[in-house]
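Asker: Enclosed is the structure file final-v5.tsv (TSV, C-alpha atoms (C1' of nucleotides)).
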chain	number	residue	atom	x	y	z
K	1	MET	CA	60.46	16.49	12.10
K	2	PRO	CA	62.91	14.39	11.19
K	3	GLU	CA	66.05	13.05	12.33
K	4	LEU	CA	66.74	9.34	12.26
K	5	PRO	CA	64.47	8.31	15.17
K	6	GLU	CA	61.50	10.10	13.64
K	7	ALA	CA	62.15	8.54	10.21
K	8	GLU	CA	62.44	5.13	11.89
K	9	THR	CA	59.18	5.72	13.78
K	10	VAL	CA	57.42	6.50	10.51
K	11	ALA	CA	59.03	3.56	8.68
K	12	ARG	CA	57.96	1.10	11.40
K	13	ALA	CA	54.39	2.32	11.28
K	14	LEU	CA	54.26	2.19	7.48
K	15	ARG	CA	55.66	-1.35	7.56
K	16	LYS	CA	52.47	-2.45	9.30
K	17	VAL	CA	50.11	-1.11	6.66
K	18	LEU	CA	51.84	-0.74	3.28
K	19	PRO	CA	53.62	-3.94	2.23
K	20	GLY	CA	51.32	-6.02	0.02
K	21	ARG	CA	49.10	-3.05	-0.82
K	22	ALA	CA	48.75	-1.75	-4.37
K	23	ILE	CA	48.50	1.92	-5.28
K	24	THR	CA	45.19	2.56	-7.02
K	25	GLN	CA	45.38	6.30	-7.61
K	26	VAL	CA	47.94	9.09	-7.26
K	27	GLU	CA	46.77	12.53	-6.21
K	28	VAL	CA	49.34	15.33	-6.54
K	29	ARG	CA	48.13	18.65	-5.18
K	30	SER	CA	51.26	20.86	-5.39
K	31	PRO	CA	53.78	21.43	-8.17
K	32	LYS	CA	56.80	20.72	-6.02
K	33	LEU	CA	58.34	20.01	-2.65
K	34	ARG	CA	62.12	20.20	-2.58
K	35	THR	CA	61.94	18.66	-6.04
K	36	SER	CA	59.20	18.71	-8.66
K	37	LEU	CA	56.22	16.43	-8.02
K	38	GLU	CA	55.24	16.45	-11.71
K	39	PRO	CA	57.08	13.18	-12.52
K	40	LEU	CA	54.95	11.32	-9.96
K	41	LYS	CA	51.87	11.93	-12.07
K	42	THR	CA	53.30	10.10	-15.07
K	43	ALA	CA	55.39	7.49	-13.24
K	44	GLY	CA	52.76	4.81	-13.84
K	45	LEU	CA	52.33	4.04	-10.14
K	46	GLU	CA	48.71	2.97	-10.47
K	47	GLY	CA	48.40	-0.79	-10.02
K	48	ARG	CA	51.94	-1.10	-8.63
K	49	ARG	CA	52.25	-3.02	-5.38
K	50	ILE	CA	54.39	-1.89	-2.44
K	51	THR	CA	56.65	-4.75	-1.39
K	52	ALA	CA	58.70	-3.30	1.47
K	53	VAL	CA	59.44	-0.20	3.53
K	54	ARG	CA	63.09	0.63	4.22
K	55	ARG	CA	64.88	3.43	6.06
K	56	ARG	CA	68.34	4.83	5.41
K	57	GLY	CA	69.39	7.82	7.50
K	58	ARG	CA	66.48	10.23	7.45
K	59	TYR	CA	65.11	8.77	4.21
K	60	VAL	CA	62.27	6.26	3.91
K	61	VAL	CA	61.94	4.12	0.79
K	62	LEU	CA	58.69	2.46	-0.29
K	63	ALA	CA	59.89	-0.36	-2.54
K	64	LEU	CA	57.66	-1.28	-5.48
K	65	GLU	CA	57.34	-4.68	-7.15
K	66	ASP	CA	58.74	-3.32	-10.43
K	67	GLY	CA	62.24	-2.55	-9.14
K	68	ARG	CA	61.55	1.09	-8.47
K	69	GLY	CA	60.83	2.79	-5.17
K	70	LEU	CA	59.34	5.95	-3.72
K	71	LEU	CA	62.08	7.88	-1.95
K	72	MET	CA	60.69	10.07	0.81
K	73	HIS	CA	62.25	12.71	3.04
K	74	LEU	CA	60.21	14.58	5.62
K	75	GLY	CA	62.26	17.78	5.47
K	76	MET	CA	61.63	19.93	8.53
K	77	SER	CA	57.88	19.67	8.83
K	78	GLY	CA	56.76	16.52	7.02
K	79	VAL	CA	54.00	14.31	8.43
K	80	VAL	CA	52.71	11.06	6.96
K	81	ARG	CA	49.30	9.63	7.68
K	82	VAL	CA	47.51	6.54	6.44
K	83	GLU	CA	43.83	7.09	6.82
K	84	SER	CA	40.52	7.19	5.02
K	85	PRO	CA	40.29	9.23	1.81
K	86	GLU	CA	37.07	10.59	3.29
K	87	VAL	CA	39.00	12.69	5.80
K	88	PRO	CA	39.09	16.22	4.33
K	89	ARG	CA	42.36	17.24	2.66
K	90	ARG	CA	44.54	19.36	4.91
K	91	ARG	CA	46.03	22.64	3.78
K	92	HIS	CA	49.52	21.34	3.08
K	93	GLU	CA	48.79	17.77	2.03
K	94	HIS	CA	50.74	17.61	-1.21
K	95	VAL	CA	50.55	13.95	-2.23
K	96	LEU	CA	47.94	11.25	-1.61
K	97	LEU	CA	48.44	7.64	-2.64
K	98	HIS	CA	45.15	5.79	-2.63
K	99	LEU	CA	45.56	2.11	-1.74
K	100	ASP	CA	43.63	-1.05	-2.50
K	101	SER	CA	43.06	-1.44	1.23
K	102	GLY	CA	40.66	1.47	0.97
K	103	LEU	CA	43.02	3.68	2.96
K	104	CYS	CA	45.11	6.54	1.71
K	105	PHE	CA	48.79	7.43	2.26
K	106	ARG	CA	49.00	11.20	2.77
K	107	PHE	CA	52.11	13.38	2.79
K	108	GLU	CA	51.73	16.74	4.52
K	109	ASP	CA	54.58	19.26	4.68
K	110	PRO	CA	53.90	22.98	5.34
K	111	ARG	CA	57.46	24.13	4.68
K	112	ARG	CA	57.91	21.93	1.62
K	113	PHE	CA	61.51	21.05	2.42
K	114	GLY	CA	60.59	17.38	2.11
K	115	ALA	CA	60.79	15.19	-0.98
K	116	LEU	CA	58.94	12.34	-2.68
K	117	GLU	CA	60.39	10.85	-5.84
K	118	CYS	CA	60.09	7.62	-7.81
K	119	LEU	CA	63.51	6.17	-8.60
K	120	PRO	CA	65.04	2.86	-9.68
K	121	LEU	CA	66.45	0.79	-6.80
K	122	ASN	CA	69.87	-0.84	-6.84
K	123	ALA	CA	70.93	-4.27	-5.55
K	124	ASP	CA	70.70	-2.99	-1.96
K	125	GLY	CA	67.07	-2.07	-2.50
K	126	LEU	CA	67.85	1.64	-2.27
K	127	PRO	CA	68.11	4.40	-4.87
K	128	SER	CA	71.73	5.18	-5.75
K	129	ALA	CA	70.98	8.80	-4.85
K	130	LEU	CA	71.62	7.65	-1.26
K	131	ASP	CA	75.05	6.18	-1.97
K	132	PHE	CA	76.78	9.25	-0.58
K	133	LEU	CA	75.43	8.70	2.93
K	134	GLY	CA	77.85	7.68	5.67
K	135	PRO	CA	77.30	4.71	7.99
K	136	GLU	CA	74.12	4.18	9.95
K	137	PRO	CA	74.80	5.39	13.49
K	138	LEU	CA	73.30	2.24	15.01
K	139	SER	CA	75.42	-0.08	12.87
K	140	GLU	CA	78.72	-1.68	13.87
K	141	ALA	CA	80.49	0.36	11.21
K	142	PHE	CA	79.93	3.44	13.35
K	143	ASP	CA	82.06	3.44	16.49
K	144	GLY	CA	84.73	5.47	18.27
K	145	ALA	CA	87.52	4.22	16.05
K	146	TYR	CA	85.61	5.22	12.93
K	147	LEU	CA	84.80	8.68	14.30
K	148	PHE	CA	88.42	9.21	15.30
K	149	ARG	CA	89.68	8.23	11.86
K	150	ALA	CA	87.08	10.27	9.98
K	151	SER	CA	87.70	13.41	12.03
K	152	ARG	CA	91.46	13.70	11.61
K	153	LYS	CA	92.56	16.98	10.01
K	154	ARG	CA	89.02	18.34	10.06
K	155	ARG	CA	88.85	21.85	11.45
K	156	THR	CA	85.08	22.04	11.38
K	157	PRO	CA	83.33	22.15	14.78
K	158	ALA	CA	82.49	18.76	16.33
K	159	LYS	CA	78.77	19.51	16.09
K	160	VAL	CA	78.88	20.36	12.38
K	161	PHE	CA	81.00	17.26	11.82
K	162	LEU	CA	78.48	15.04	13.62
K	163	MET	CA	75.62	16.48	11.57
K	164	ASP	CA	77.40	15.81	8.27
K	165	ASN	CA	75.45	13.06	6.46
K	166	GLU	CA	78.63	11.82	4.82
K	167	VAL	CA	80.25	11.24	8.21
K	168	VAL	CA	77.28	9.53	9.83
K	169	THR	CA	73.73	9.72	8.56
K	170	GLY	CA	70.63	10.86	10.40
K	171	VAL	CA	72.06	12.85	13.31
K	172	GLY	CA	70.47	16.32	13.24
K	173	ASN	CA	70.40	19.32	15.52
K	174	ILE	CA	68.48	17.79	18.42
K	175	TYR	CA	70.38	14.53	18.73
K	176	ALA	CA	73.79	16.07	17.97
K	177	THR	CA	73.16	18.59	20.77
K	178	GLU	CA	72.09	15.91	23.23
K	179	SER	CA	74.88	13.49	22.26
K	180	LEU	CA	77.61	16.12	22.67
K	181	PHE	CA	76.25	16.99	26.10
K	182	ALA	CA	76.07	13.33	27.16
K	183	ALA	CA	79.65	12.80	25.96
K	184	GLY	CA	80.95	15.95	27.64
K	185	VAL	CA	82.26	17.32	24.33
K	186	SER	CA	81.97	20.99	23.37
K	187	PRO	CA	80.07	21.51	20.11
K	188	ARG	CA	82.74	24.08	19.17
K	189	ARG	CA	85.75	21.81	19.54
K	190	ALA	CA	87.53	21.28	16.23
K	191	ALA	CA	86.71	17.76	15.02
K	192	GLY	CA	90.37	17.04	14.34
K	193	ARG	CA	91.21	17.81	17.97
K	194	LEU	CA	88.83	15.24	19.43
K	195	THR	CA	90.71	12.68	21.50
K	196	ARG	CA	90.29	8.98	20.99
K	197	ALA	CA	88.38	8.81	24.30
K	198	GLN	CA	86.05	11.63	23.25
K	199	CYS	CA	85.30	9.83	19.98
K	200	GLU	CA	84.46	6.67	21.92
K	201	ALA	CA	82.21	8.64	24.27
K	202	LEU	CA	80.52	10.42	21.38
K	203	ALA	CA	79.82	7.28	19.38
K	204	SER	CA	78.38	5.59	22.49
K	205	ALA	CA	76.24	8.61	23.30
K	206	VAL	CA	74.87	8.85	19.75
K	207	LYS	CA	73.93	5.16	19.76
K	208	ALA	CA	72.33	5.21	23.20
K	209	ILE	CA	70.36	8.39	22.58
K	210	LEU	CA	69.11	7.40	19.13
K	211	ALA	CA	68.12	3.94	20.35
K	212	ARG	CA	66.25	5.41	23.28
K	213	ALA	CA	64.57	8.02	21.07
K	214	ILE	CA	63.37	5.30	18.70
K	215	GLU	CA	61.87	3.41	21.66
K	216	ALA	CA	60.09	6.61	22.64
K	217	GLY	CA	58.67	7.15	19.15
K	218	GLY	CA	60.86	10.13	18.35
K	219	THR	CA	60.83	13.76	19.49
K	220	THR	CA	58.02	16.22	18.88
K	221	ILE	CA	58.99	19.89	19.20
K	222	ALA	CA	56.31	21.53	17.10
K	223	ASP	CA	54.96	19.36	14.35
K	224	PHE	CA	56.29	15.83	14.24
K	225	GLN	CA	53.57	13.18	14.46
K	226	GLY	CA	53.69	9.46	14.04
K	227	VAL	CA	51.61	7.89	11.27
K	228	ASP	CA	48.78	7.43	13.78
K	229	GLY	CA	48.93	11.08	14.86
K	230	THR	CA	50.73	10.46	18.15
K	231	GLU	CA	53.57	12.70	19.32
K	232	GLY	CA	57.12	11.54	19.99
K	233	GLN	CA	57.73	10.95	23.68
K	234	PHE	CA	61.49	11.55	23.67
K	235	THR	CA	60.76	15.27	24.02
K	236	ARG	CA	60.46	14.82	27.78
K	237	GLU	CA	63.86	13.16	27.91
K	238	LEU	CA	65.74	15.99	26.20
K	239	ARG	CA	68.31	17.35	28.64
K	240	ILE	CA	69.57	20.59	27.07
K	241	TYR	CA	68.14	21.05	23.55
K	242	GLY	CA	66.37	24.41	23.40
K	243	ARG	CA	67.22	25.24	27.02
K	244	GLU	CA	69.81	28.00	26.58
K	245	GLY	CA	69.73	30.35	29.56
K	246	GLN	CA	68.47	27.64	31.89
K	247	PRO	CA	70.65	25.80	34.41
K	248	CYS	CA	72.64	22.77	33.28
K	249	PRO	CA	70.86	19.61	34.50
K	250	ALA	CA	74.22	18.22	35.65
K	251	CYS	CA	76.04	21.14	37.28
K	252	GLY	CA	73.63	24.09	37.37
K	253	THR	CA	75.80	26.37	35.22
K	254	ARG	CA	73.78	28.61	32.89
K	255	LEU	CA	73.53	26.91	29.48
K	256	LYS	CA	74.89	28.91	26.54
K	257	ALA	CA	74.08	28.85	22.83
K	258	VAL	CA	76.23	29.46	19.76
K	259	GLN	CA	75.54	29.38	16.04
K	260	LEU	CA	77.49	26.58	14.35
K	261	GLY	CA	76.95	25.70	10.73
K	262	GLY	CA	74.00	28.05	10.80
K	263	ARG	CA	72.24	26.11	13.56
K	264	THR	CA	71.70	27.05	17.17
K	265	SER	CA	73.77	24.87	19.45
K	266	CYS	CA	73.02	24.77	23.16
K	267	TYR	CA	75.76	23.55	25.50
K	268	CYS	CA	77.07	23.69	29.05
K	269	PRO	CA	80.31	25.69	29.15
K	270	ARG	CA	81.40	23.80	32.26
K	271	CYS	CA	80.49	20.16	31.44
K	272	GLN	CA	81.46	20.20	27.76
K	273	LYS	CA	85.15	20.52	26.87
O	1	DC	C1'	89.24	20.11	-1.21
O	2	DG	C1'	87.19	21.96	3.19
O	3	DG	C1'	84.49	25.39	5.21
O	4	DT	C1'	80.88	29.11	5.32
O	5	DG	C1'	76.70	31.48	4.32
O	6	DG	C1'	72.53	31.95	2.03
O	7	DA	C1'	68.40	30.05	-0.25
O	8	DC	C1'	64.47	27.34	-0.16
O	9	DC	C1'	59.24	27.57	2.53
O	10	DT	C1'	55.40	28.42	6.07
O	11	DG	C1'	54.05	29.22	10.73
O	12	DC	C1'	54.69	30.45	15.34
O	13	DT	C1'	56.36	33.35	19.06
O	14	DG	C1'	58.63	36.82	21.74
O	15	DG	C1'	59.71	41.42	22.16
O	16	DC	C1'	58.49	45.90	21.27
R	1	DT	C1'	46.36	44.29	21.54
R	2	DG	C1'	48.99	43.92	17.28
R	3	DC	C1'	52.88	43.67	14.29
R	4	DC	C1'	56.98	41.73	12.56
R	5	DA	C1'	61.79	40.08	12.90
R	6	DG	C1'	63.71	36.00	13.86
R	7	DC	C1'	63.78	31.32	14.36
R	8	DA	C1'	62.37	26.19	13.55
R	9	DG	C1'	63.90	18.90	13.38
R	10	DG	C1'	67.28	19.71	6.63
R	11	DT	C1'	69.61	19.89	2.31
R	12	DC	C1'	71.84	21.93	-1.53
R	13	DC	C1'	74.56	25.24	-4.01
R	14	DA	C1'	77.61	29.08	-4.86
R	15	DC	C1'	81.54	31.05	-3.33
R	16	DC	C1'	86.06	31.73	-0.84
Can you present the structure in this file as structure tokens?
Answerer:
Amino acid sequence: MPELPEAETVARALRKVLPGRAITQVEVRSPKLRTSLEPLKTAGLEGRRITAVRRRGRYVVLALEDGRGLLMHLGMSGVVRVESPEVPRRRHEHVLLHLDSGLCFRFEDPRRFGALECLPLNADGLPSALDFLGPEPLSEAFDGAYLFRASRKRRTPAKVFLMDNEVVTGVGNIYATESLFAAGVSPRRAAGRLTRAQCEALASAVKAILARAIEAGGTTIADFQGVDGTEGQFTRELRIYGREGQPCPACGTRLKAVQLGGRTSCYCPRCQK
DNA sequence: CGGTGGACCTGCTGGC
DNA sequence: TGCCAGCAGGTCCACC
């Protein structure tokens, strides 16, 4: 799944059903995701009440009444559902949190790149493990001036720069690709060579595209689902992601693809400079 | 320090 | 038809 709009979609759905609920039983069915799941078994979560659901970047935090929180990341293929414990366990459902509402929070993740850990929360209500993250892209702290400042002397490609969680958090391959296209910036351009105007255009594009994607409930390529099983509707609004070889929607030029930072990056060689 | 490449996983697909 | 290399929304670490 999961870039910021998908994490936000999940967080909003969980906010409707989790706050106020107590965890009655923890069911751990795999030894580890990205990190070991063993500590969850002995974390003493039974009886603890969930007080709030927060999102930071691609992470979702389920705050507990005791000052700790469950830090969750959906990796590449994570899906969360809240449904009856009677529904048969799926193949890659690794953690189930039974709730006093009679429902069950279920974390499914075939590739196991996701994470679920219980950690103490700081004054901001977040685990300090997230302190390294850069600004939220939809916050005022993220704008053209910030991008321009942060990119000086960086030789890394603009796309890799935009996907760096320390620069701005939550922008992954899909939304970086779409934002660069919307801003008319080549994904290969050295970050330090971006003009002030390009930084303004990029920041605006990131904000507009993420906001629109959140409205649409995220993007589903293969496996992202909302908590209620629905697919993200932003998929139909993607303009170039995954379309290498096809004509540019703006000028008709054949879209190209390059590998940048190990990720496929589709772009229009004519529209993006 | 900044930048790159591989590792971590399973599942699907496109090309032979 | 069937097989398998390659690729997939992310992060982290070792290495230059």
Asker: Counting all atoms listed in the file, collect the residues of chain R whose closest atom lies at most 10 Å from chain K, and write them out as number ranges by chain.
Answerer: R: 7-12
Asker: Dig up all the protein and nucleic acid residues within 8 Å of (47.2, 13.1, -3.0) in the file frame, using all atoms listed in the file, and format them as a PyMOL selection string.
Answerer: chain K and resi 26-29+93-98+105-107
Asker: State, in Å with one decimal place, the distance from C1' of DG14 (chain O) to CA of Cys268 (chain K).
Answerer: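 Separation of C1' of DG14 (chain O) and CA of Cys268 (chain K): 23.8 Å.
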Asker: Could you please tell me, as a PyMOL selection string, which residues of chain O have an atom within 8 Å of chain K when using all atoms listed in the file?
Answerer: chain O and resi 2-5+8-10
Asker: Neighbours of Leu210 (chain K) within 10 Å (all atoms listed in the file; same-chain residues fewer than 4 positions away dropped), as a ChimeraX atom specification?
Answerer: /K:3-6,137-138,170-171,175-176,178-179,205-206,214-216,218,234
Asker: Just how far from CA of Leu133 (chain K) is CA of Ala203 (chain K), in Å to one decimal?
Answerer: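 Distance between the two atoms: 17.1 Å.
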Asker: What is the CA of Gln272 (chain K) to CA of Leu180 (chain K) distance in Å?
Answerer: 7.6 Å
Asker: Show which residues sit within 12 Å of Ser128 (chain K), as an MDAnalysis selection string. Count all atoms listed in the file, and ignore same-chain residues fewer than 4 positions away.
Answerer: chainID K and resid 56 61 68:69 71 119:124 132:133
Asker: Of the candidates K:Arg212, K:Lys41, K:Arg12, K:Arg196, which shows the shortest atom-to-atom distance to Leu238 (chain K), using only C-alpha atoms?
Answerer: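 Checking each of K:Arg212, K:Lys41, K:Arg12, K:Arg196 against Leu238 (chain K), counting only C-alpha atoms, the winner is K:Arg212.
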Asker: Can you tell me, as a PDB file with C-alpha atoms, in the frame of the given file, what residues are no more than 10 Å from Gln259 (chain K) when counting only C-alpha atoms (C1' of nucleotides), ignoring any on the same chain fewer than 6 positions away?
Answerer:
ATOM      1  CA  PRO K 187      80.070  21.510  20.110  1.00  0.00           C
ATOM      2  CA  ARG K 188      82.740  24.080  19.170  1.00  0.00           C
ATOM      3  CA  SER K 265      73.770  24.870  19.450  1.00  0.00           C
ATOM      4  CA  CYS K 266      73.020  24.770  23.160  1.00  0.00           C
TER       5      CYS K 266
END
